[in-house]
file model14.pdb (PDB, C-alpha atoms and all ligand atoms)
ATOM      1  CA  MET A 181     -75.672   1.392 -33.859
ATOM      2  CA  THR A 182     -78.531   0.114 -35.955
ATOM      3  CA  LYS A 183     -77.983  -2.584 -38.534
ATOM      4  CA  ARG A 184     -78.102  -0.078 -41.365
ATOM      5  CA  GLU A 185     -75.479   2.270 -39.916
ATOM      6  CA  LYS A 186     -72.921  -0.496 -39.826
ATOM      7  CA  LEU A 187     -73.022  -1.069 -43.554
ATOM      8  CA  ARG A 188     -72.617   1.217 -46.497
ATOM      9  CA  LEU A 189     -74.903  -0.232 -49.126
ATOM     10  CA  GLY A 190     -76.107   1.296 -52.349
ATOM     11  CA  ALA A 191     -76.208   1.001 -56.108
ATOM     12  CA  HIS A 192     -74.936   2.339 -59.374
ATOM     13  CA  VAL A 193     -77.142   5.380 -60.051
ATOM     14  CA  SER A 194     -77.917   7.132 -63.337
ATOM     15  CA  ILE A 195     -76.679  10.685 -63.989
ATOM     16  CA  THR A 196     -79.306  11.409 -66.647
ATOM     17  CA  GLY A 197     -80.122  15.126 -66.516
ATOM     18  CA  GLY A 198     -76.935  15.975 -64.595
ATOM     19  CA  VAL A 199     -74.639  14.403 -61.995
ATOM     20  CA  ASP A 200     -76.176  16.491 -59.210
ATOM     21  CA  LEU A 201     -79.477  14.610 -59.672
ATOM     22  CA  ALA A 202     -77.907  11.267 -58.780
ATOM     23  CA  PRO A 203     -77.894  11.627 -54.952
ATOM     24  CA  GLU A 204     -81.677  12.137 -54.785
ATOM     25  CA  ARG A 205     -82.185   9.116 -57.060
ATOM     26  CA  GLY A 206     -79.926   7.161 -54.740
ATOM     27  CA  GLN A 207     -81.897   8.185 -51.663
ATOM     28  CA  LYS A 208     -85.172   7.163 -53.321
ATOM     29  CA  ALA A 209     -83.640   3.742 -53.926
ATOM     30  CA  THR A 210     -82.575   3.520 -50.216
ATOM     31  CA  CYS A 211     -78.840   3.935 -50.988
ATOM     32  CA  GLU A 212     -76.319   5.067 -48.386
ATOM     33  CA  VAL A 213     -73.589   5.062 -51.026
ATOM     34  CA  ILE A 214     -73.732   5.540 -54.784
ATOM     35  CA  GLN A 215     -71.571   4.801 -57.792
ATOM     36  CA  ILE A 216     -71.913   7.105 -60.823
ATOM     37  CA  PHE A 217     -70.384   7.647 -64.232
ATOM     38  CA  THR A 218     -68.762  11.088 -64.404
ATOM     39  CA  LYS A 219     -70.093  11.544 -67.954
ATOM     40  CA  ASN A 220     -71.955   9.608 -70.659
ATOM     41  CA  ASN A 221     -70.058   6.326 -70.488
ATOM     42  CA  MET A 222     -70.488   5.499 -74.170
ATOM     43  CA  GLN A 223     -68.780   8.674 -75.428
ATOM     44  CA  TRP A 224     -65.100   9.539 -75.462
ATOM     45  CA  THR A 225     -65.476  13.188 -74.564
ATOM     46  CA  ALA A 226     -67.926  15.397 -72.702
ATOM     47  CA  LYS A 227     -68.378  19.087 -72.048
ATOM     48  CA  PRO A 228     -66.359  20.167 -69.001
ATOM     49  CA  LEU A 229     -68.349  20.272 -65.769
ATOM     50  CA  PRO A 230     -69.036  23.854 -64.688
ATOM     51  CA  PRO A 231     -67.103  24.538 -61.428
ATOM     52  CA  GLU A 232     -70.344  25.043 -59.463
ATOM     53  CA  THR A 233     -71.264  21.400 -60.152
ATOM     54  CA  GLY A 234     -68.753  20.364 -57.461
ATOM     55  CA  PRO A 235     -70.449  22.067 -54.495
ATOM     56  CA  ALA A 236     -73.910  21.337 -55.954
ATOM     57  CA  PHE A 237     -73.110  17.617 -56.095
ATOM     58  CA  ARG A 238     -71.592  17.507 -52.603
ATOM     59  CA  ASN A 239     -74.567  19.428 -51.150
ATOM     60  CA  ALA A 240     -76.957  17.037 -52.870
ATOM     61  CA  CYS A 241     -75.120  14.099 -51.306
ATOM     62  CA  ALA A 242     -75.370  15.691 -47.856
ATOM     63  CA  ASP A 243     -79.049  16.590 -48.360
ATOM     64  CA  HIS A 244     -79.941  13.061 -49.447
ATOM     65  CA  GLY A 245     -77.972  11.070 -46.905
ATOM     66  CA  ILE A 246     -75.353   9.744 -49.321
ATOM     67  CA  ALA A 247     -72.284   8.988 -47.180
ATOM     68  CA  VAL A 248     -69.960   8.108 -50.056
ATOM     69  CA  ALA A 249     -70.181   8.714 -53.803
ATOM     70  CA  PHE A 250     -67.574   7.257 -56.123
ATOM     71  CA  GLY A 251     -67.142   6.855 -59.856
ATOM     72  CA  HIS A 252     -66.902   4.143 -62.502
ATOM     73  CA  THR A 253     -64.952   4.968 -65.648
ATOM     74  CA  SER A 254     -66.243   4.688 -69.203
ATOM     75  CA  TYR A 255     -66.309   1.213 -70.767
ATOM     76  CA  LEU A 256     -64.639   2.654 -73.871
ATOM     77  CA  ILE A 257     -61.320   3.137 -72.105
ATOM     78  CA  ASN A 258     -58.764   0.380 -72.771
ATOM     79  CA  LEU A 259     -55.308   1.033 -71.343
ATOM     80  CA  GLY A 260     -54.152  -2.136 -73.087
ATOM     81  CA  ALA A 261     -55.116  -0.824 -76.536
ATOM     82  CA  VAL A 262     -52.623  -1.501 -79.327
ATOM     83  CA  GLU A 263     -53.835   0.972 -81.948
ATOM     84  CA  GLU A 264     -54.367   4.670 -82.311
ATOM     85  CA  PRO A 265     -56.590   6.523 -81.823
ATOM     86  CA  THR A 266     -57.756   4.257 -78.973
ATOM     87  CA  ILE A 267     -54.468   4.466 -77.065
ATOM     88  CA  GLU A 268     -54.393   8.249 -76.876
ATOM     89  CA  ARG A 269     -58.154   8.548 -76.410
ATOM     90  CA  SER A 270     -58.047   6.106 -73.495
ATOM     91  CA  ILE A 271     -55.258   7.986 -71.729
ATOM     92  CA  GLN A 272     -56.891  11.380 -72.275
ATOM     93  CA  ALA A 273     -60.360  10.129 -71.293
ATOM     94  CA  LEU A 274     -59.025   8.691 -68.041
ATOM     95  CA  ILE A 275     -57.178  11.914 -67.195
ATOM     96  CA  ASP A 276     -60.374  13.860 -67.925
ATOM     97  CA  GLU A 277     -62.422  11.527 -65.717
ATOM     98  CA  ILE A 278     -59.950  11.936 -62.843
ATOM     99  CA  GLU A 279     -60.286  15.718 -63.161
ATOM    100  CA  ARG A 280     -64.093  15.451 -63.172
ATOM    101  CA  ALA A 281     -63.968  13.157 -60.123
ATOM    102  CA  ASP A 282     -61.711  15.654 -58.345
ATOM    103  CA  LEU A 283     -64.185  18.475 -59.007
ATOM    104  CA  LEU A 284     -67.065  16.347 -57.698
ATOM    105  CA  GLY A 285     -65.111  15.186 -54.639
ATOM    106  CA  LEU A 286     -65.194  11.481 -55.582
ATOM    107  CA  PRO A 287     -62.425   9.640 -53.690
ATOM    108  CA  PHE A 288     -61.835   7.038 -56.413
ATOM    109  CA  LEU A 289     -62.810   5.796 -59.859
ATOM    110  CA  VAL A 290     -63.329   2.116 -60.608
ATOM    111  CA  LEU A 291     -61.453   1.014 -63.746
ATOM    112  CA  HIS A 292     -61.407  -2.238 -65.699
ATOM    113  CA  PRO A 293     -57.650  -2.674 -66.231
ATOM    114  CA  GLY A 294     -58.000  -3.368 -69.968
ATOM    115  CA  GLY A 295     -57.645  -5.976 -72.700
ATOM    116  CA  HIS A 296     -54.374  -7.063 -74.289
ATOM    117  CA  MET A 297     -55.970  -7.414 -77.757
ATOM    118  CA  GLY A 298     -53.913 -10.472 -78.655
ATOM    119  CA  GLU A 299     -50.530  -9.191 -77.464
ATOM    120  CA  GLY A 300     -50.455 -11.668 -74.592
ATOM    121  CA  GLU A 301     -50.992 -11.223 -70.862
ATOM    122  CA  GLU A 302     -47.456 -10.285 -69.797
ATOM    123  CA  LYS A 303     -47.087  -7.635 -72.470
ATOM    124  CA  GLY A 304     -50.608  -6.406 -71.800
ATOM    125  CA  LEU A 305     -49.959  -5.910 -68.086
ATOM    126  CA  ALA A 306     -46.724  -4.040 -68.807
ATOM    127  CA  THR A 307     -48.531  -1.791 -71.285
ATOM    128  CA  ILE A 308     -51.369  -1.061 -68.870
ATOM    129  CA  ALA A 309     -48.907  -0.282 -66.051
ATOM    130  CA  SER A 310     -46.969   2.192 -68.181
ATOM    131  CA  ARG A 311     -50.165   3.941 -69.235
ATOM    132  CA  LEU A 312     -51.343   4.098 -65.638
ATOM    133  CA  ASP A 313     -48.002   5.771 -64.904
ATOM    134  CA  GLU A 314     -48.722   8.290 -67.638
ATOM    135  CA  VAL A 315     -52.250   8.994 -66.377
ATOM    136  CA  LEU A 316     -51.202   9.316 -62.731
ATOM    137  CA  ALA A 317     -48.277  11.580 -63.671
ATOM    138  CA  GLY A 318     -50.686  13.646 -65.773
ATOM    139  CA  THR A 319     -52.920  14.138 -62.709
ATOM    140  CA  LYS A 320     -50.120  14.429 -60.151
ATOM    141  CA  GLY A 321     -51.277  15.770 -56.792
ATOM    142  CA  SER A 322     -54.895  14.739 -57.386
ATOM    143  CA  PRO A 323     -56.537  13.050 -54.393
ATOM    144  CA  VAL A 324     -58.521  10.791 -56.752
ATOM    145  CA  LYS A 325     -57.471   7.137 -56.737
ATOM    146  CA  ILE A 326     -57.964   4.438 -59.347
ATOM    147  CA  ALA A 327     -59.609   1.254 -58.071
ATOM    148  CA  LEU A 328     -58.594  -1.590 -60.389
ATOM    149  CA  GLU A 329     -61.588  -3.885 -60.729
ATOM    150  CA  ILE A 330     -61.372  -7.659 -60.834
ATOM    151  CA  THR A 331     -62.864  -8.699 -64.186
ATOM    152  CA  ALA A 332     -64.641 -11.788 -65.508
ATOM    153  CA  GLY A 333     -61.816 -12.209 -68.021
ATOM    154  CA  GLN A 334     -63.966 -11.995 -71.133
ATOM    155  CA  GLY A 335     -62.053 -12.015 -74.413
ATOM    156  CA  THR A 336     -58.577 -10.580 -73.835
ATOM    157  CA  GLN A 337     -59.584  -8.705 -70.662
ATOM    158  CA  LEU A 338     -56.879  -8.702 -67.991
ATOM    159  CA  GLY A 339     -57.569  -8.345 -64.277
ATOM    160  CA  TYR A 340     -59.360 -11.673 -63.799
ATOM    161  CA  ARG A 341     -56.697 -12.927 -61.372
ATOM    162  CA  PHE A 342     -55.547 -11.265 -58.127
ATOM    163  CA  GLU A 343     -52.029 -11.757 -59.545
ATOM    164  CA  HIS A 344     -52.827  -9.316 -62.378
ATOM    165  CA  LEU A 345     -53.979  -6.603 -59.973
ATOM    166  CA  ALA A 346     -50.969  -7.219 -57.711
ATOM    167  CA  GLU A 347     -48.591  -6.958 -60.662
ATOM    168  CA  LEU A 348     -50.090  -3.638 -61.769
ATOM    169  CA  ILE A 349     -49.770  -2.245 -58.234
ATOM    170  CA  GLU A 350     -46.182  -3.517 -58.133
ATOM    171  CA  ARG A 351     -45.220  -1.950 -61.466
ATOM    172  CA  VAL A 352     -46.898   1.461 -61.131
ATOM    173  CA  ASP A 353     -44.810   4.314 -59.664
ATOM    174  CA  ALA A 354     -47.620   6.186 -57.881
ATOM    175  CA  ALA A 355     -49.059   2.986 -56.400
ATOM    176  CA  ASP A 356     -50.343   4.955 -53.403
ATOM    177  CA  ARG A 357     -53.066   6.140 -55.783
ATOM    178  CA  LEU A 358     -54.135   2.606 -56.683
ATOM    179  CA  GLY A 359     -56.759   0.520 -54.946
ATOM    180  CA  ILE A 360     -58.886  -2.411 -56.002
ATOM    181  CA  CYS A 361     -62.592  -3.154 -56.454
ATOM    182  CA  LEU A 362     -64.046  -6.648 -56.051
ATOM    183  CA  ASP A 363     -67.088  -7.646 -58.092
ATOM    184  CA  THR A 364     -68.704 -10.869 -56.883
ATOM    185  CA  ALA A 365     -70.065 -11.812 -60.339
ATOM    186  CA  HIS A 366     -66.678 -11.192 -61.955
ATOM    187  CA  LEU A 367     -64.836 -13.205 -59.296
ATOM    188  CA  PHE A 368     -67.183 -16.141 -59.806
ATOM    189  CA  ALA A 369     -67.044 -16.016 -63.609
ATOM    190  CA  ALA A 370     -63.256 -15.749 -63.337
ATOM    191  CA  GLY A 371     -63.183 -19.042 -61.438
ATOM    192  CA  TYR A 372     -63.151 -18.079 -57.740
ATOM    193  CA  ASP A 373     -65.724 -20.418 -56.189
ATOM    194  CA  LEU A 374     -67.448 -18.285 -53.597
ATOM    195  CA  ARG A 375     -70.468 -20.504 -53.029
ATOM    196  CA  THR A 376     -69.231 -22.143 -49.828
ATOM    197  CA  GLY A 377     -67.662 -20.861 -46.625
ATOM    198  CA  ALA A 378     -64.425 -22.662 -47.471
ATOM    199  CA  GLY A 379     -64.379 -21.135 -50.961
ATOM    200  CA  TYR A 380     -65.003 -17.654 -49.578
ATOM    201  CA  ASP A 381     -62.249 -18.028 -46.962
ATOM    202  CA  SER A 382     -59.704 -19.365 -49.451
ATOM    203  CA  THR A 383     -60.521 -16.606 -51.955
ATOM    204  CA  VAL A 384     -60.030 -13.865 -49.371
ATOM    205  CA  ALA A 385     -56.824 -15.577 -48.181
ATOM    206  CA  ALA A 386     -55.524 -15.737 -51.771
ATOM    207  CA  LEU A 387     -56.234 -12.027 -52.143
ATOM    208  CA  GLU A 388     -54.628 -11.111 -48.840
ATOM    209  CA  ALA A 389     -51.472 -13.058 -49.729
ATOM    210  CA  LEU A 390     -50.965 -10.706 -52.682
ATOM    211  CA  ILE A 391     -52.663  -7.407 -51.833
ATOM    212  CA  PRO A 392     -53.256  -5.851 -48.386
ATOM    213  CA  LEU A 393     -56.999  -5.792 -47.726
ATOM    214  CA  ASP A 394     -56.904  -2.074 -46.973
ATOM    215  CA  ARG A 395     -56.427  -1.506 -50.732
ATOM    216  CA  LEU A 396     -60.048  -2.534 -51.191
ATOM    217  CA  CYS A 397     -62.023   0.581 -52.156
ATOM    218  CA  ALA A 398     -65.394  -1.006 -52.967
ATOM    219  CA  TRP A 399     -67.423  -4.167 -53.483
ATOM    220  CA  HIS A 400     -69.731  -4.645 -56.439
ATOM    221  CA  LEU A 401     -72.439  -6.988 -55.172
ATOM    222  CA  ASN A 402     -73.894  -8.853 -58.137
ATOM    223  CA  ASP A 403     -75.071 -12.415 -58.540
ATOM    224  CA  SER A 404     -73.978 -14.132 -61.758
ATOM    225  CA  LYS A 405     -76.087 -15.470 -64.610
ATOM    226  CA  SER A 406     -72.996 -17.198 -65.992
ATOM    227  CA  GLY A 407     -71.265 -20.156 -64.430
ATOM    228  CA  LEU A 408     -68.127 -20.641 -62.362
ATOM    229  CA  GLY A 409     -65.050 -20.047 -64.524
ATOM    230  CA  SER A 410     -67.194 -19.234 -67.572
ATOM    231  CA  ARG A 411     -65.266 -15.982 -68.138
ATOM    232  CA  VAL A 412     -68.594 -14.442 -69.157
ATOM    233  CA  ASP A 413     -69.766 -11.225 -67.456
ATOM    234  CA  ARG A 414     -73.537 -11.371 -66.834
ATOM    235  CA  HIS A 415     -74.945  -9.846 -63.657
ATOM    236  CA  ASP A 416     -78.035 -11.221 -61.936
ATOM    237  CA  HIS A 417     -80.197 -10.197 -58.983
ATOM    238  CA  ILE A 418     -78.936 -11.053 -55.502
ATOM    239  CA  GLY A 419     -79.656 -14.691 -54.689
ATOM    240  CA  LYS A 420     -81.222 -15.346 -58.112
ATOM    241  CA  GLY A 421     -78.084 -16.354 -59.976
ATOM    242  CA  GLN A 422     -75.542 -19.135 -59.880
ATOM    243  CA  ILE A 423     -73.721 -17.824 -56.802
ATOM    244  CA  GLY A 424     -76.698 -17.774 -54.448
ATOM    245  CA  LEU A 425     -77.527 -15.937 -51.261
ATOM    246  CA  GLU A 426     -74.957 -17.393 -48.850
ATOM    247  CA  LEU A 427     -72.008 -15.435 -50.266
ATOM    248  CA  PHE A 428     -73.856 -12.163 -49.760
ATOM    249  CA  ARG A 429     -74.740 -13.144 -46.185
ATOM    250  CA  ARG A 430     -71.020 -13.738 -45.562
ATOM    251  CA  ILE A 431     -69.932 -10.450 -47.105
ATOM    252  CA  VAL A 432     -72.422  -8.190 -45.323
ATOM    253  CA  ASN A 433     -71.556  -9.810 -41.986
ATOM    254  CA  ASP A 434     -67.777  -9.815 -42.448
ATOM    255  CA  PRO A 435     -66.295  -7.146 -40.131
ATOM    256  CA  ARG A 436     -63.315  -6.724 -42.494
ATOM    257  CA  TRP A 437     -65.576  -4.930 -44.990
ATOM    258  CA  ARG A 438     -67.449  -2.770 -42.494
ATOM    259  CA  ALA A 439     -66.023   0.469 -43.859
ATOM    260  CA  VAL A 440     -66.008  -0.595 -47.517
ATOM    261  CA  PRO A 441     -68.829   0.772 -49.699
ATOM    262  CA  MET A 442     -70.878  -1.935 -51.450
ATOM    263  CA  VAL A 443     -72.975  -1.216 -54.530
ATOM    264  CA  LEU A 444     -75.314  -3.193 -56.745
ATOM    265  CA  GLU A 445     -74.850  -3.285 -60.503
ATOM    266  CA  THR A 446     -77.829  -5.534 -61.121
ATOM    267  CA  PRO A 447     -80.415  -5.062 -63.889
ATOM    268  CA  LYS A 448     -83.019  -2.365 -63.220
ATOM    269  CA  GLY A 449     -85.732  -0.174 -64.653
ATOM    270  CA  LYS A 450     -86.021   3.577 -64.405
ATOM    271  CA  ASP A 451     -87.537   3.733 -60.909
ATOM    272  CA  MET A 452     -84.833   1.433 -59.434
ATOM    273  CA  ALA A 453     -87.522  -0.816 -57.857
ATOM    274  CA  GLU A 454     -85.208  -3.811 -58.321
ATOM    275  CA  ASP A 455     -82.446  -2.015 -56.403
ATOM    276  CA  ILE A 456     -84.820  -1.305 -53.518
ATOM    277  CA  GLU A 457     -85.701  -4.996 -53.427
ATOM    278  CA  ASN A 458     -82.091  -6.209 -53.658
ATOM    279  CA  LEU A 459     -80.932  -3.749 -50.970
ATOM    280  CA  ALA A 460     -83.754  -4.825 -48.631
ATOM    281  CA  LEU A 461     -82.711  -8.435 -49.171
ATOM    282  CA  LEU A 462     -79.046  -7.644 -48.408
ATOM    283  CA  ARG A 463     -80.012  -5.740 -45.239
ATOM    284  CA  SER A 464     -82.169  -8.640 -44.116
ATOM    285  CA  LEU A 465     -79.068 -10.865 -44.170
ATOM    286  CA  VAL A 466     -77.249  -8.783 -41.553
ATOM    287  CA  THR A 467     -77.128 -10.497 -38.192
ATOM    288  CA  ASP A 468     -76.655  -8.247 -35.185
ATOM    289  CA  HIS A 469     -74.032  -9.032 -32.644
TER
HETATM  290 ZN    ZN B 501     -68.549  -4.264 -61.351
HETATM  291 ZN    ZN B 502     -69.679  -6.923 -64.879
END
call {"tool": "encode", "arguments": {"input": "model14.pdb", "output": "structure tokens"}}
result
Amino acid sequence: MTKREKLRLGAHVSITGGVDLAPERGQKATCEVIQIFTKNNMQWTAKPLPPETGPAFRNACADHGIAVAFGHTSYLINLGAVEEPTIERSIQALIDEIERADLLGLPFLVLHPGGHMGEGEEKGLATIASRLDEVLAGTKGSPVKIALEITAGQGTQLGYRFEHLAELIERVDAADRLGICLDTAHLFAAGYDLRTGAGYDSTVAALEALIPLDRLCAWHLNDSKSGLGSRVDRHDHIGKGQIGLELFRRIVNDPRWRAVPMVLETPKGKDMAEDIENLALLRSLVTDH
């Protein structure tokens, strides 16, 4: 196997002009995997996808060498919301996104668990779990999973501790449809010090003590503009932020993540030149043996 075949690296890719255009964009940016929004992520609703979009998208992935495509849900959704209409809109929007993902053949959707809006963490987690139950029951039989993303813990955002993700998995009935997504910038801002080998090992051990590693659906590889434990979510280019290159060298060479797709969510312009550069840097860190 070549170095590149061992890893599944890519980026978040725009769906401007239609989801079926994303795979070609991904290929141009040297992606083997892509993350997409299933609709405009700043709007609550979208026109249904015509059924032919499913095969068109899957063919485009095959034509452009995209091994895995998965989704990220809209930032508007908050399963911890305490007021209408946000509660109902969040539940309906997530159900709609799962249906869109199913049509497109996306195996999972990354979701920020939600904010408790002042209700407190325990109550917030219970609320989010019961709404996940509602969403998963409303899409019963769907092969699409929800990957709960570790968050930076900004404001009242939950999900900034492995304990939060473990508790949600514990509480939800259809937990076989739940996975997790690890974002390096979020972990660092949440207080997990990943800068050293010892910090990396203890972070992975802390995760594994609570959640089996095979729940991991994806990595978001982002450096962090904000500091350790700052609880501020600001992504930076690989090796240019406060985390530094060594963490990324460890991740891309860790055999435990060999089958886990890894995508960038770092700042970029329209032609994705920054992604090409960041992906080349990540690939250069892979040591063969
Ligand atoms: Zn992320
Ligand atoms: Zn982020």
call {"tool": "atom_distance", "arguments": {"input": "model14.pdb", "atom1": "CA of Gln223 (chain A)", "atom2": "CA of Lys320 (chain A)"}}
result
24.8 Å
call {"tool": "closest_residue", "arguments": {"input": "model14.pdb", "among": "A:Val432, A:Ala365, A:Ala370, A:Ala453", "to": "ligand ZN 502 (chain B)", "atoms": "all atoms listed in the file"}}
result
A:Ala365
call {"tool": "resolve_selection", "arguments": {"input": "model14.pdb", "expression": "the PyMOL selection byres (((chain A and resi 300) around 12) and not hetatm)", "output": "MDAnalysis selection string"}}
result
chainID A and resid 260:262 295:299 301:307 335:338
call {"tool": "closest_residue", "arguments": {"input": "model14.pdb", "among": "A:Ala242, A:Ala369, A:Leu259, A:Leu283", "to": "Gln334 (chain A)", "atoms": "only C-alpha atoms"}}
result
A:Ala369
call {"tool": "residues_near_ligand", "arguments": {"input": "model14.pdb", "ligand": "ligand ZN 502 (chain B)", "cutoff": "9 Å", "atoms": "all atoms listed in the file", "output": "PyMOL selection string"}}
result
chain A and resi 331-332+363-366+400+402+404+412-415+445
call {"tool": "residues_around", "arguments": {"input": "model14.pdb", "residues": "Pro228 (chain A)", "least_positions_apart": "5", "cutoff": "10 Å", "atoms": "only C-alpha atoms", "output": "number ranges by chain"}}
result
A: 219, 276, 279-280
call {"tool": "write_last_selection", "arguments": {"input": "model14.pdb", "atoms": "C-alpha atoms", "output": "PDB file, keeping the file's coordinate frame"}}
result
ATOM      1  CA  LYS A 219     -70.093  11.544 -67.954  1.00  0.00           C
ATOM      2  CA  ASP A 276     -60.374  13.860 -67.925  1.00  0.00           C
ATOM      3  CA  GLU A 279     -60.286  15.718 -63.161  1.00  0.00           C
ATOM      4  CA  ARG A 280     -64.093  15.451 -63.172  1.00  0.00           C
TER       5      ARG A 280
END
call {"tool": "atom_distance", "arguments": {"input": "model14.pdb", "atom1": "CA of Arg188 (chain A)", "atom2": "CA of Asp381 (chain A)"}}
result
21.9 Å
call {"tool": "residues_around", "arguments": {"input": "model14.pdb", "residues": "Val384 (chain A)", "least_positions_apart": "5", "cutoff": "12 Å", "atoms": "only C-alpha atoms", "output": "ChimeraX atom specification"}}
result
/A:342,362,364,367,372-374,377-379,389-393,396,430-431,434,436-437
call {"tool": "residues_near_point", "arguments": {"input": "model14.pdb", "point": "(-85.6, -0.1, -63.1)", "cutoff": "12 Å", "atoms": "all atoms listed in the file", "output": "ChimeraX atom specification"}}
result
/A:191-194,205,209,445-458
call {"tool": "closest_residue", "arguments": {"input": "model14.pdb", "among": "A:Cys211, A:Ile216, A:Val440, A:Leu358", "to": "Thr196 (chain A)", "atoms": "only C-alpha atoms"}}
result
A:Ile216
